[in-house]
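Visitor: Pasting start-v8.csv below, which is CSV, C-alpha atoms and all ligand atoms.
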chain,number,residue,atom,x,y,z
A,1,MET,CA,0.0,0.0,0.0
A,2,LEU,CA,2.8,2.4,1.0
A,3,SER,CA,4.8,1.6,-2.0
A,4,GLN,CA,1.7,2.2,-4.2
A,5,ILE,CA,1.3,5.7,-2.5
A,6,GLN,CA,5.1,6.3,-3.1
A,7,THR,CA,5.0,5.4,-6.8
A,8,GLU,CA,1.7,7.3,-7.6
A,9,THR,CA,2.1,10.4,-5.5
A,10,PRO,CA,4.2,13.4,-6.7
A,11,PRO,CA,7.3,14.0,-4.5
A,12,GLU,CA,6.0,17.3,-3.1
A,13,ASP,CA,2.8,15.6,-1.8
A,14,LEU,CA,4.9,12.8,-0.4
A,15,ALA,CA,7.0,15.3,1.6
A,16,ALA,CA,3.7,16.9,2.9
A,17,LEU,CA,2.3,13.5,3.8
A,18,ALA,CA,5.4,12.5,5.6
A,19,GLU,CA,5.3,15.8,7.6
A,20,THR,CA,1.7,15.4,8.5
A,21,HIS,CA,2.2,11.8,9.6
A,22,TYR,CA,5.4,12.4,11.5
A,23,PHE,CA,4.3,15.4,13.5
A,24,ALA,CA,0.9,13.8,14.3
A,25,ALA,CA,2.5,10.6,15.5
A,26,ASN,CA,5.4,12.1,17.5
A,27,PRO,CA,4.2,14.4,20.3
A,28,PRO,CA,5.7,17.9,20.6
A,29,PRO,CA,8.0,18.7,23.6
A,30,LYS,CA,6.2,20.0,26.6
A,31,ASP,CA,7.9,23.4,26.4
A,32,LEU,CA,7.1,24.0,22.8
A,33,GLU,CA,4.5,26.6,23.4
A,34,LYS,CA,6.7,28.5,25.8
A,35,HIS,CA,9.6,28.4,23.4
A,36,VAL,CA,7.4,29.6,20.5
A,37,ALA,CA,6.2,32.6,22.6
A,38,LEU,CA,9.8,33.5,23.5
A,39,ALA,CA,11.0,33.1,19.9
A,40,ARG,CA,8.1,35.2,18.6
A,41,ASP,CA,8.9,38.1,20.9
A,42,PHE,CA,12.6,37.8,20.1
A,43,ILE,CA,12.0,37.8,16.4
A,44,ASN,CA,9.6,40.7,16.5
A,45,PHE,CA,12.1,42.7,18.6
A,46,HIS,CA,14.9,42.2,16.2
A,47,SER,CA,12.8,42.5,13.1
A,48,ALA,CA,11.7,46.0,14.3
A,49,ALA,CA,15.4,46.9,14.8
A,50,LYS,CA,16.1,45.6,11.2
A,51,ARG,CA,18.8,43.3,12.6
A,52,ARG,CA,19.8,40.1,10.8
A,53,LEU,CA,18.7,37.0,12.7
A,54,VAL,CA,20.2,33.5,12.7
A,55,LEU,CA,18.8,30.3,14.0
A,56,VAL,CA,21.8,28.2,15.1
A,57,THR,CA,21.1,24.5,15.8
A,58,SER,CA,23.7,22.7,17.9
A,59,GLY,CA,24.5,19.3,19.6
A,60,GLY,CA,23.2,15.8,19.1
A,61,THR,CA,19.6,14.6,19.1
A,62,THR,CA,18.7,11.6,21.2
A,63,VAL,CA,16.7,8.6,19.9
A,64,PRO,CA,14.7,7.3,22.8
A,65,LEU,CA,14.1,3.5,23.1
A,66,GLU,CA,11.3,3.7,25.6
A,67,LYS,CA,8.4,6.2,26.1
A,68,GLN,CA,9.3,6.6,29.7
A,69,THR,CA,12.9,7.0,28.6
A,70,VAL,CA,15.6,5.3,30.5
A,71,ARG,CA,17.8,4.4,27.5
A,72,PHE,CA,18.4,6.3,24.3
A,73,ILE,CA,20.8,6.3,21.4
A,74,ASP,CA,23.0,9.4,21.1
A,75,ASN,CA,25.9,10.7,19.1
A,76,PHE,CA,29.3,12.3,19.7
A,77,SER,CA,28.4,16.0,19.2
A,78,ALA,CA,29.2,18.3,22.2
A,79,GLY,CA,27.9,21.4,20.4
A,80,THR,CA,31.3,23.0,20.0
A,81,ARG,CA,30.6,24.1,16.4
A,82,GLY,CA,27.2,25.5,17.3
A,83,ALA,CA,28.2,27.3,20.5
A,84,THR,CA,31.4,28.8,18.9
A,85,SER,CA,29.5,29.9,15.8
A,86,ALA,CA,26.8,31.6,17.8
A,87,GLU,CA,29.5,33.8,19.5
A,88,TYR,CA,30.9,34.8,16.1
A,89,PHE,CA,27.5,35.5,14.7
A,90,LEU,CA,26.8,37.8,17.7
A,91,GLU,CA,30.2,39.5,17.0
A,92,ALA,CA,29.1,40.0,13.4
A,93,GLY,CA,25.9,41.8,14.5
A,94,TYR,CA,23.4,39.0,14.2
A,95,ALA,CA,20.7,38.3,16.8
A,96,VAL,CA,20.9,34.5,17.5
A,97,ILE,CA,18.4,31.9,18.4
A,98,PHE,CA,20.5,29.1,19.8
A,99,LEU,CA,18.5,25.8,19.6
A,100,HIS,CA,20.7,23.3,21.3
A,101,ARG,CA,20.7,19.9,22.9
A,102,GLN,CA,20.1,20.3,26.6
A,103,PHE,CA,23.4,20.4,28.6
A,104,SER,CA,25.5,20.7,25.5
A,105,LEU,CA,28.0,23.6,25.2
A,106,LEU,CA,26.6,27.1,25.3
A,107,PRO,CA,28.0,30.3,23.9
A,108,PHE,CA,30.3,32.0,26.4
A,109,SER,CA,30.0,29.5,29.2
A,110,ARG,CA,31.7,26.9,26.9
A,111,HIS,CA,35.0,28.6,27.7
A,112,TYR,CA,34.6,27.3,31.3
A,113,SER,CA,32.7,24.0,30.7
A,114,HIS,CA,32.6,21.3,33.3
A,115,ALA,CA,34.6,18.8,31.2
A,116,THR,CA,37.7,21.0,30.6
A,117,ASP,CA,38.6,24.3,32.2
A,118,CYS,CA,36.3,24.0,35.2
A,119,PHE,CA,35.4,27.6,36.2
A,120,LEU,CA,36.5,27.0,39.8
A,121,ASP,CA,40.0,26.6,38.6
A,122,PHE,CA,40.0,30.2,37.5
A,123,LEU,CA,38.9,31.6,40.8
A,124,ARG,CA,40.7,32.4,44.0
A,125,GLU,CA,39.7,33.8,47.4
A,126,GLY,CA,39.9,37.6,47.5
A,127,PRO,CA,40.2,39.9,50.5
A,128,ASP,CA,37.4,39.8,53.0
A,129,GLY,CA,36.2,36.4,51.9
A,130,SER,CA,35.2,37.6,48.4
A,131,VAL,CA,35.7,35.4,45.2
A,132,VAL,CA,37.8,36.9,42.4
A,133,ALA,CA,39.4,35.7,39.1
A,134,ARG,CA,43.0,34.6,39.4
A,135,ASP,CA,45.3,37.4,38.1
A,136,GLU,CA,46.7,35.3,35.2
A,137,ASP,CA,43.1,34.5,34.0
A,138,ALA,CA,41.4,37.8,34.7
A,139,ALA,CA,42.0,39.5,31.3
A,140,ARG,CA,40.6,36.5,29.3
A,141,MET,CA,37.7,36.1,31.7
A,142,LEU,CA,36.8,39.8,31.5
A,143,HIS,CA,36.9,39.6,27.7
A,144,VAL,CA,34.4,36.7,27.7
A,145,LEU,CA,32.3,38.3,30.4
A,146,ARG,CA,32.0,41.6,28.5
A,147,LYS,CA,30.8,39.8,25.4
A,148,TYR,CA,28.3,37.7,27.4
A,149,ARG,CA,26.9,40.8,29.3
A,150,ASN,CA,26.6,42.6,26.0
A,151,ALA,CA,24.5,39.8,24.5
A,152,ARG,CA,22.3,39.8,27.6
A,153,ASP,CA,21.9,43.6,27.9
A,154,ARG,CA,21.1,43.9,24.2
A,155,ASN,CA,18.8,40.8,24.2
A,156,THR,CA,20.6,39.4,21.2
A,157,LEU,CA,20.8,35.8,22.3
A,158,LEU,CA,17.9,33.5,22.9
A,159,VAL,CA,18.7,30.0,24.2
A,160,LEU,CA,16.2,27.2,23.6
A,161,PRO,CA,17.0,23.5,24.6
A,162,PHE,CA,15.8,20.3,23.0
A,163,VAL,CA,16.5,16.6,23.9
A,164,SER,CA,15.2,14.1,21.4
A,165,ILE,CA,15.0,14.0,17.6
A,166,SER,CA,11.3,14.6,17.6
A,167,ASP,CA,11.7,17.6,20.1
A,168,TYR,CA,14.3,19.0,17.7
A,169,LEU,CA,12.1,18.7,14.6
A,170,HIS,CA,9.1,20.2,16.3
A,171,GLU,CA,11.2,23.2,17.6
A,172,LEU,CA,12.9,23.6,14.2
A,173,ARG,CA,9.7,23.7,12.3
A,174,SER,CA,8.1,26.2,14.7
A,175,VAL,CA,11.0,28.6,14.8
A,176,ALA,CA,11.6,28.4,11.0
A,177,GLN,CA,7.9,29.3,10.5
A,178,LEU,CA,8.1,32.2,12.9
A,179,MET,CA,11.1,33.5,11.0
A,180,GLN,CA,9.2,33.7,7.7
A,181,PRO,CA,8.4,37.5,8.0
A,182,LEU,CA,12.2,38.2,8.1
A,183,GLY,CA,12.4,37.1,4.5
A,184,PRO,CA,16.0,36.6,3.2
A,185,SER,CA,17.5,38.4,6.2
A,186,GLY,CA,16.7,35.3,8.3
A,187,LEU,CA,19.5,32.7,8.3
A,188,LEU,CA,19.2,29.1,9.3
A,189,TYR,CA,22.5,27.5,10.3
A,190,LEU,CA,22.0,23.9,10.9
A,191,ALA,CA,25.0,22.5,12.8
A,192,ALA,CA,23.2,20.0,15.0
A,193,ALA,CA,24.1,16.4,14.5
A,194,VAL,CA,20.7,15.1,13.8
A,195,SER,CA,19.9,11.4,14.0
A,196,ASP,CA,19.0,9.7,10.7
A,197,PHE,CA,17.1,6.8,12.5
A,198,PHE,CA,14.5,6.6,15.2
A,199,VAL,CA,12.0,4.2,16.9
A,200,PRO,CA,8.5,5.1,15.8
A,201,PRO,CA,6.1,5.5,18.7
A,202,GLU,CA,4.0,2.5,17.7
A,203,ARG,CA,7.0,0.2,18.2
A,204,MET,CA,8.3,1.9,21.3
A,205,SER,CA,8.0,0.2,24.6
A,206,GLU,CA,6.1,2.2,27.3
A,207,HIS,CA,8.4,1.0,30.2
A,208,LYS,CA,12.1,0.3,30.6
A,209,ILE,CA,13.1,-2.5,28.3
A,210,GLN,CA,13.9,-5.6,30.4
A,211,SER,CA,17.2,-7.5,30.0
A,212,THR,CA,15.9,-10.7,31.6
A,213,ASP,CA,12.6,-12.6,31.6
A,214,VAL,CA,12.1,-12.1,35.4
A,215,ALA,CA,9.5,-9.4,35.0
A,216,GLU,CA,7.6,-11.4,32.4
A,217,ALA,CA,7.5,-14.5,34.5
A,218,PHE,CA,6.4,-12.4,37.5
A,219,LYS,CA,3.6,-10.8,35.6
A,220,LYS,CA,2.4,-14.1,34.2
A,221,SER,CA,2.4,-15.6,37.7
A,222,LYS,CA,0.6,-12.6,39.1
A,223,ASN,CA,-2.1,-12.7,36.5
A,224,ALA,CA,-2.5,-16.4,37.0
A,225,ARG,CA,-2.9,-16.0,40.7
A,226,ALA,CA,-5.5,-13.3,40.1
A,227,GLN,CA,-7.6,-15.9,38.3
A,228,LYS,CA,-7.6,-18.0,41.5
A,229,THR,CA,-8.4,-21.3,39.7
A,230,THR,CA,-7.0,-24.4,41.2
A,231,GLU,CA,-5.7,-25.4,37.8
A,232,ASP,CA,-3.8,-22.1,37.5
A,233,GLU,CA,-2.4,-22.4,40.9
A,234,GLU,CA,-1.0,-25.7,40.0
A,235,THR,CA,0.6,-24.3,36.9
A,236,PHE,CA,1.9,-20.9,38.3
A,237,ASP,CA,2.7,-22.0,41.8
A,238,ASN,CA,4.5,-18.7,42.7
A,239,PHE,CA,7.4,-16.6,41.6
A,240,ASP,CA,9.8,-19.4,42.6
A,241,SER,CA,8.6,-21.4,39.6
A,242,SER,CA,10.8,-19.2,37.5
A,243,PRO,CA,14.3,-20.5,36.7
A,244,ALA,CA,16.8,-19.8,39.5
A,245,VAL,CA,19.0,-17.9,37.1
A,246,PRO,CA,16.9,-15.5,35.0
A,247,ARG,CA,17.5,-15.8,31.3
A,248,SER,CA,19.2,-12.8,29.8
A,249,LYS,CA,17.7,-11.4,26.6
A,250,SER,CA,19.5,-9.9,23.7
A,251,LEU,CA,18.2,-6.6,22.4
A,252,VAL,CA,17.5,-6.2,18.7
A,253,ILE,CA,16.6,-2.6,17.8
A,254,ASP,CA,14.6,-2.0,14.6
A,255,LEU,CA,15.0,1.7,13.6
A,256,ASP,CA,13.1,3.5,10.9
A,257,PRO,CA,14.7,6.3,8.8
A,258,VAL,CA,13.8,9.8,10.0
A,259,PRO,CA,12.0,11.6,7.2
A,260,LYS,CA,14.3,14.0,5.4
A,261,PHE,CA,12.6,17.3,6.3
A,262,LEU,CA,15.2,19.6,4.6
A,263,LYS,CA,12.9,19.7,1.6
A,264,ASN,CA,9.9,20.7,3.8
A,265,LEU,CA,12.2,23.4,5.4
A,266,VAL,CA,13.3,24.8,2.1
A,267,GLU,CA,9.9,24.8,0.4
A,268,GLY,CA,7.5,25.3,3.2
A,269,TRP,CA,8.8,26.3,6.6
A,270,SER,CA,11.3,28.9,5.4
A,271,PRO,CA,10.8,29.6,1.7
A,272,GLN,CA,12.8,32.9,1.7
A,273,GLY,CA,15.4,32.4,4.5
A,274,MET,CA,18.9,31.4,3.7
A,275,ILE,CA,19.5,27.8,4.6
A,276,VAL,CA,22.9,26.5,5.6
A,277,SER,CA,23.2,22.8,6.3
A,278,PHE,CA,26.3,20.8,7.5
A,279,LYS,CA,27.4,17.5,6.1
A,280,LEU,CA,29.5,15.3,8.3
A,281,GLU,CA,31.4,12.4,6.9
A,282,THR,CA,34.4,10.2,8.0
A,283,ASP,CA,35.5,9.1,4.5
A,284,PRO,CA,37.4,12.0,2.8
A,285,GLU,CA,36.7,10.5,-0.6
A,286,ILE,CA,32.9,11.1,-0.5
A,287,LEU,CA,32.6,14.4,1.4
A,288,VAL,CA,32.4,16.8,-1.5
A,289,HIS,CA,30.2,14.4,-3.5
A,290,LYS,CA,27.7,14.1,-0.6
A,291,ALA,CA,27.7,17.8,0.0
A,292,LYS,CA,26.9,18.4,-3.7
A,293,TYR,CA,24.3,15.7,-3.7
A,294,SER,CA,22.5,17.3,-0.7
A,295,LEU,CA,22.5,20.7,-2.3
A,296,ASP,CA,21.2,19.3,-5.5
A,297,ARG,CA,18.5,17.3,-3.8
A,298,TYR,CA,17.2,20.0,-1.4
A,299,GLN,CA,18.0,23.1,-3.5
A,300,HIS,CA,19.1,25.2,-0.5
A,301,HIS,CA,21.9,27.7,-0.3
A,302,LEU,CA,25.0,26.4,1.3
A,303,VAL,CA,26.4,23.0,2.5
A,304,ILE,CA,29.4,23.1,4.8
A,305,GLY,CA,31.2,19.8,4.6
A,306,ASN,CA,33.4,18.6,7.4
A,307,LEU,CA,35.2,15.4,8.4
A,308,LEU,CA,35.0,14.1,11.9
A,309,ALA,CA,38.8,13.9,12.3
A,310,THR,CA,39.6,17.3,10.9
A,311,ARG,CA,36.5,19.4,11.6
A,312,LYS,CA,38.3,21.9,13.7
A,313,TRP,CA,41.0,22.4,11.0
A,314,GLU,CA,39.1,22.7,7.8
A,315,VAL,CA,35.6,22.7,6.2
A,316,VAL,CA,34.5,23.0,2.6
A,317,PHE,CA,31.8,25.4,1.3
A,318,VAL,CA,29.6,24.1,-1.5
A,319,SER,CA,27.0,26.6,-2.7
A,320,PRO,CA,25.3,27.8,-5.9
A,321,LEU,CA,26.3,31.3,-4.7
A,322,SER,CA,30.0,30.8,-5.1
A,323,PRO,CA,32.6,28.3,-6.3
A,324,ASP,CA,33.6,25.4,-4.0
A,325,ARG,CA,35.9,26.8,-1.3
A,326,TRP,CA,38.0,25.2,1.5
A,327,ILE,CA,38.4,27.2,4.6
A,328,ARG,CA,41.4,26.1,6.6
A,329,ILE,CA,43.4,26.9,9.7
A,330,PRO,CA,47.1,27.0,8.7
A,331,ASN,CA,48.9,23.8,9.8
A,332,PRO,CA,51.8,24.8,12.0
A,333,ALA,CA,53.6,21.6,11.2
A,334,GLU,CA,53.9,22.8,7.6
A,335,SER,CA,57.0,24.8,6.9
A,336,HIS,CA,56.0,27.8,4.8
A,337,ALA,CA,54.0,30.5,6.3
A,338,SER,CA,52.0,30.9,3.1
A,339,THR,CA,50.6,27.3,3.2
A,340,ALA,CA,47.2,28.6,4.5
A,341,ALA,CA,46.7,30.7,1.5
A,342,VAL,CA,47.3,27.9,-0.9
A,343,GLU,CA,43.9,26.7,-2.2
A,344,LYS,CA,43.9,23.0,-2.0
A,345,ASP,CA,40.8,21.3,-3.3
A,346,GLU,CA,41.1,18.1,-1.3
A,347,PRO,CA,40.8,17.2,2.3
A,348,VAL,CA,44.0,17.2,4.3
A,349,ASP,CA,45.5,14.0,5.6
A,350,PRO,CA,44.5,14.0,9.4
A,351,LYS,CA,47.9,12.3,10.1
A,352,SER,CA,49.7,15.5,8.8
A,353,LEU,CA,48.0,17.6,11.5
A,354,PRO,CA,49.5,18.2,15.0
A,355,ASP,CA,47.8,16.6,18.0
A,356,GLY,CA,45.3,18.7,19.9
A,357,GLU,CA,43.3,21.7,18.7
A,358,PRO,CA,44.4,24.6,16.5
A,359,ASP,CA,45.1,27.9,18.2
A,360,THR,CA,42.5,29.7,16.0
A,361,GLU,CA,38.9,28.7,16.1
A,362,ILE,CA,37.8,27.8,12.6
A,363,GLU,CA,34.4,29.4,13.2
A,364,SER,CA,36.2,32.8,13.3
A,365,LEU,CA,36.8,32.1,9.5
A,366,ILE,CA,33.5,30.3,8.8
A,367,ILE,CA,31.1,33.0,10.1
A,368,PRO,CA,32.5,36.0,8.1
A,369,ALA,CA,32.4,33.7,4.9
A,370,VAL,CA,28.8,32.8,5.7
A,371,GLN,CA,27.9,36.4,6.3
A,372,GLU,CA,29.4,37.4,2.9
A,373,LEU,CA,27.2,34.8,1.2
A,374,HIS,CA,24.2,35.9,3.2
A,375,THR,CA,24.7,39.4,1.9
A,376,LYS,CA,24.9,38.1,-1.6
A,377,TYR,CA,21.8,36.0,-1.0
A,378,ILE,CA,19.8,39.0,0.3
A,379,GLN,CA,20.8,41.1,-2.7
A,380,THR,CA,19.8,38.3,-5.1
A,381,VAL,CA,16.4,37.8,-3.5
A,382,GLU,CA,15.7,41.5,-3.3
A,383,ALA,CA,16.6,41.9,-6.9
A,384,LYS,CA,14.3,39.0,-7.9
A,385,ASN,CA,11.5,40.4,-5.8
A,386,LYS,CA,11.8,43.8,-7.5
A,387,ALA,CA,11.9,42.4,-11.0
A,401,LIG,O1,29.4,19.5,18.1
A,401,LIG,P1,30.8,19.3,17.4
A,401,LIG,O2,31.5,20.7,17.3
A,401,LIG,O3,31.6,18.3,18.1
A,401,LIG,O4,30.6,18.8,15.9
A,401,LIG,C1,30.0,19.6,14.9
A,401,LIG,C2,29.4,18.8,13.8
A,401,LIG,C3,30.4,17.9,13.2
A,401,LIG,C4,28.2,17.9,14.4
A,401,LIG,C5,28.8,19.8,12.8
A,401,LIG,O5,29.9,20.5,12.2
A,401,LIG,C6,28.1,19.0,11.7
A,401,LIG,O6,28.7,18.6,10.7
A,401,LIG,N1,26.8,18.9,11.8
A,401,LIG,C7,25.9,18.1,10.9
A,401,LIG,C8,26.1,16.7,11.1
A,401,LIG,C9,25.3,15.9,10.1
A,401,LIG,O7,24.1,15.6,10.4
A,401,LIG,O8,25.8,15.5,9.0
Do you think you could lay out the structure here as structure tokens?
Ligand code: PAZ
Guide:
Amino acid sequence: MLSQIQTETPPEDLAALAETHYFAANPPPKDLEKHVALARDFINFHSAAKRRLVLVTSGGTTVPLEKQTVRFIDNFSAGTRGATSAEYFLEAGYAVIFLHRQFSLLPFSRHYSHATDCFLDFLREGPDGSVVARDEDAARMLHVLRKYRNARDRNTLLVLPFVSISDYLHELRSVAQLMQPLGPSGLLYLAAAVSDFFVPPERMSEHKIQSTDVAEAFKKSKNARAQKTTEDEETFDNFDSSPAVPRSKSLVIDLDPVPKFLKNLVEGWSPQGMIVSFKLETDPEILVHKAKYSLDRYQHHLVIGNLLATRKWEVVFVSPLSPDRWIRIPNPAESHASTAAVEKDEPVDPKSLPDGEPDTEIESLIIPAVQELHTKYIQTVEAKNKA
């Protein structure tokens, strides 16, 4: 039946059907209405000020295995790309809606996260029992603090959390739709690492998935006792009739593909906004091909390709607005100072890079390049609208 619908229905109707079905079957997060109200006020405020606005998505999405979720599938993303990008967008004069995975890195506080650089390490006891920054850290802390306060005072940063893949999709759709009145000056920068697979609600267990048959045996026995027939009592004597060592069960997870909503985003949720997606791969050979394929399929405005191993050192821009372009942090291990300027059109070998992180954040190069394309995009749309 489904395959008949798929072969006979035009692709745009299929995308609409998939959207209706997915959003009806997967309930919205409980805070969606609250988030929508906050986002609406934020967008109106910045639209009145004629400020460019960007939605930055960040961090991984969980795939719950149970409705009352104890276990879930997750991915590696800490939200570094998103949180760092948000700071550079603010610096470039954008208002930022930061839609991030709960507890992943946040703009500004990321400099003092719990995993590295615990903030307590930067403090010391001052005179009269006060707490002050250590002298050697004070200048850097003050720099971050000023930028953070500036964003708060000017109301240029709105932080909205999500947890699961369906929370993310509900939030993305709502915020993108709210941004429609901004036209081309609205930018969607989709850096979140979004799961491609999920467990549909009709196949999701309500309770914690059991790893042994103890609970099953207990329930059977309890039900049988409730019937109170002599025959049953003989069969299900009591809980001790279960084997002494409970049998462990293996867990086979059957995941469905998450519908590809980029098409719906481009054509329906945000028909005029500039849409930037990220493409993450681990195989350098396929990165550019996959980025081009995505652009071709969804007809949006920029794909930023990156490889897991080198994502802090280089990314590739693939866009109909400009020729393909690698953006790189100079490799200090390479001898000539001019290496960075050399335009290579292939990914670097990760083995040639030094251990650790580069001194410069690559987002400090990515955001000005995105901003430049955004300007070009606004001009193109405005010219088209005038014609
Ligand atoms: O969060 P992070 O900084 O560790 O990683 C960033 C990233 C690799 C998740 C991001 O740059 C990206 O490629 N996001 C899209 C992933 C994808 O769905 O293909």
Visitor: At a cut-off of 6 Å around ligand LIG 401 (chain A), and using only C-alpha atoms and all ligand atoms, what residues come up? Please write them as an MDAnalysis selection string.
Guide: chainID A and resid 59 77:81 191:194 278:280 306
Visitor: Please provide as a list of chain:residue names all residues within 9 Å of Glu206 in chain A, with the sequence filter that same-chain residues fewer than 4 positions apart are discarded (counting only C-alpha atoms).
Guide: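 Counting only C-alpha atoms, the residues come to A:Glu66, A:Lys67, A:Gln68, A:Thr69.
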Visitor: Between A:Thr212, A:Ser352, A:Ser166, A:Gln177, which residue has the minimum interatomic distance to Asp196 in chain A, considering only C-alpha atoms?
Guide: A:Ser166
Visitor: Under the rule that all atoms listed in the file are counted, which of A:Ser185, A:Thr156, A:Ser319, A:Gln272 is the nearest residue to Gly93 in chain A?
Guide: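 Of A:Ser185, A:Thr156, A:Ser319, A:Gln272, the one nearest Gly93 in chain A is A:Thr156, counting all atoms listed in the file.
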Visitor: Near Arg51 in chain A, counting all atoms listed in the file, which residues have an atom at most 12 Å away, once you skip same-chain residues fewer than 3 positions from it, shown as a compact mmCIF listing (two decimals) with C-alpha atoms, in the frame of the given file?
Guide:
# COMPACT_ATOMS: atom_id res chain seq x y z
CA PHE A 42 12.60 37.80 20.10
CA ILE A 43 12.00 37.80 16.40
CA ASN A 44 9.60 40.70 16.50
CA PHE A 45 12.10 42.70 18.60
CA HIS A 46 14.90 42.20 16.20
CA SER A 47 12.80 42.50 13.10
CA ALA A 48 11.70 46.00 14.30
CA VAL A 54 20.20 33.50 12.70
CA PHE A 89 27.50 35.50 14.70
CA LEU A 90 26.80 37.80 17.70
CA ALA A 92 29.10 40.00 13.40
CA GLY A 93 25.90 41.80 14.50
CA TYR A 94 23.40 39.00 14.20
CA ALA A 95 20.70 38.30 16.80
CA VAL A 96 20.90 34.50 17.50
CA ARG A 154 21.10 43.90 24.20
CA ASN A 155 18.80 40.80 24.20
CA THR A 156 20.60 39.40 21.20
CA LEU A 182 12.20 38.20 8.10
CA PRO A 184 16.00 36.60 3.20
CA SER A 185 17.50 38.40 6.20
CA GLY A 186 16.70 35.30 8.30
CA LEU A 187 19.50 32.70 8.30
Visitor: Go through A:Glu202, A:Asp128, A:Asp74, A:Asp31 and flag the residue nearest Glu171 in chain A, using only C-alpha atoms for the distances.
Guide: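 Of A:Glu202, A:Asp128, A:Asp74, A:Asp31, the one nearest Glu171 in chain A, counting only C-alpha atoms, is A:Asp31.
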Visitor: Rounded to one decimal in Å, what is the spacing between CA of Val214 in chain A and CA of Asp254 in chain A?
Guide: 23.3 Å
Visitor: I'd like the interatomic distance between CA of Ile253 in chain A and CA of Ser104 in chain A, to a tenth of an Å.
Guide: 26.1 Å
Visitor: Please identify all polymer residues lying at most 10 Å from the point (7.8, 12.8, 0.1) (file coordinates), using only C-alpha atoms, and present the result as an mmCIF file with C-alpha atoms, in the frame of the given file.
Guide:
data_model
loop_
_atom_site.group_PDB
_atom_site.id
_atom_site.type_symbol
_atom_site.label_atom_id
_atom_site.label_comp_id
_atom_site.auth_asym_id
_atom_site.auth_seq_id
_atom_site.Cartn_x
_atom_site.Cartn_y
_atom_site.Cartn_z
ATOM 1 C CA ILE A 5 1.300 5.700 -2.500
ATOM 2 C CA GLN A 6 5.100 6.300 -3.100
ATOM 3 C CA THR A 9 2.100 10.400 -5.500
ATOM 4 C CA PRO A 10 4.200 13.400 -6.700
ATOM 5 C CA PRO A 11 7.300 14.000 -4.500
ATOM 6 C CA GLU A 12 6.000 17.300 -3.100
ATOM 7 C CA ASP A 13 2.800 15.600 -1.800
ATOM 8 C CA LEU A 14 4.900 12.800 -0.400
ATOM 9 C CA ALA A 15 7.000 15.300 1.600
ATOM 10 C CA ALA A 16 3.700 16.900 2.900
ATOM 11 C CA LEU A 17 2.300 13.500 3.800
ATOM 12 C CA ALA A 18 5.400 12.500 5.600
ATOM 13 C CA GLU A 19 5.300 15.800 7.600
ATOM 14 C CA PRO A 259 12.000 11.600 7.200
ATOM 15 C CA LYS A 260 14.300 14.000 5.400
ATOM 16 C CA PHE A 261 12.600 17.300 6.300
ATOM 17 C CA LYS A 263 12.900 19.700 1.600
ATOM 18 C CA ASN A 264 9.900 20.700 3.800
#
Visitor: Neighbouring residues of Ser364 in chain A were defined as those with any atom within 12 Å, considering all atoms listed in the file; residues of the same chain fewer than 4 positions away were excluded. Please report them as a ChimeraX atom specification.
Guide: /A:81,84-92,312-314,327-329,359-360,368-371
Visitor: I'd like the neighbourhood of Arg71 in chain A as a ChimeraX atom specification, where a residue qualifies if any of its atoms comes within 9 Å (using only C-alpha atoms), though same-chain residues fewer than 5 positions away should be ignored.
Guide: /A:63-66,208-209
Visitor: Looking at only C-alpha atoms, which of A:Thr20, A:Ser250, A:Gln180, A:Ser277 is the one that sits closest to Ser58 in chain A?
Guide: A:Ser277
Visitor: May I ask for the distance between CA of Glu382 in chain A and CA of Leu169 in chain A, given in Å to one decimal place?
Guide: 29.2 Å
Visitor: Here is a test: counting all atoms listed in the file, which residue of A:Pro107, A:Gly126, A:Gly60, A:Pro284 is nearest to Arg149 in chain A?
Guide: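 Looking only at the distances to Arg149 in chain A, the closest residue turns out to be A:Pro107.
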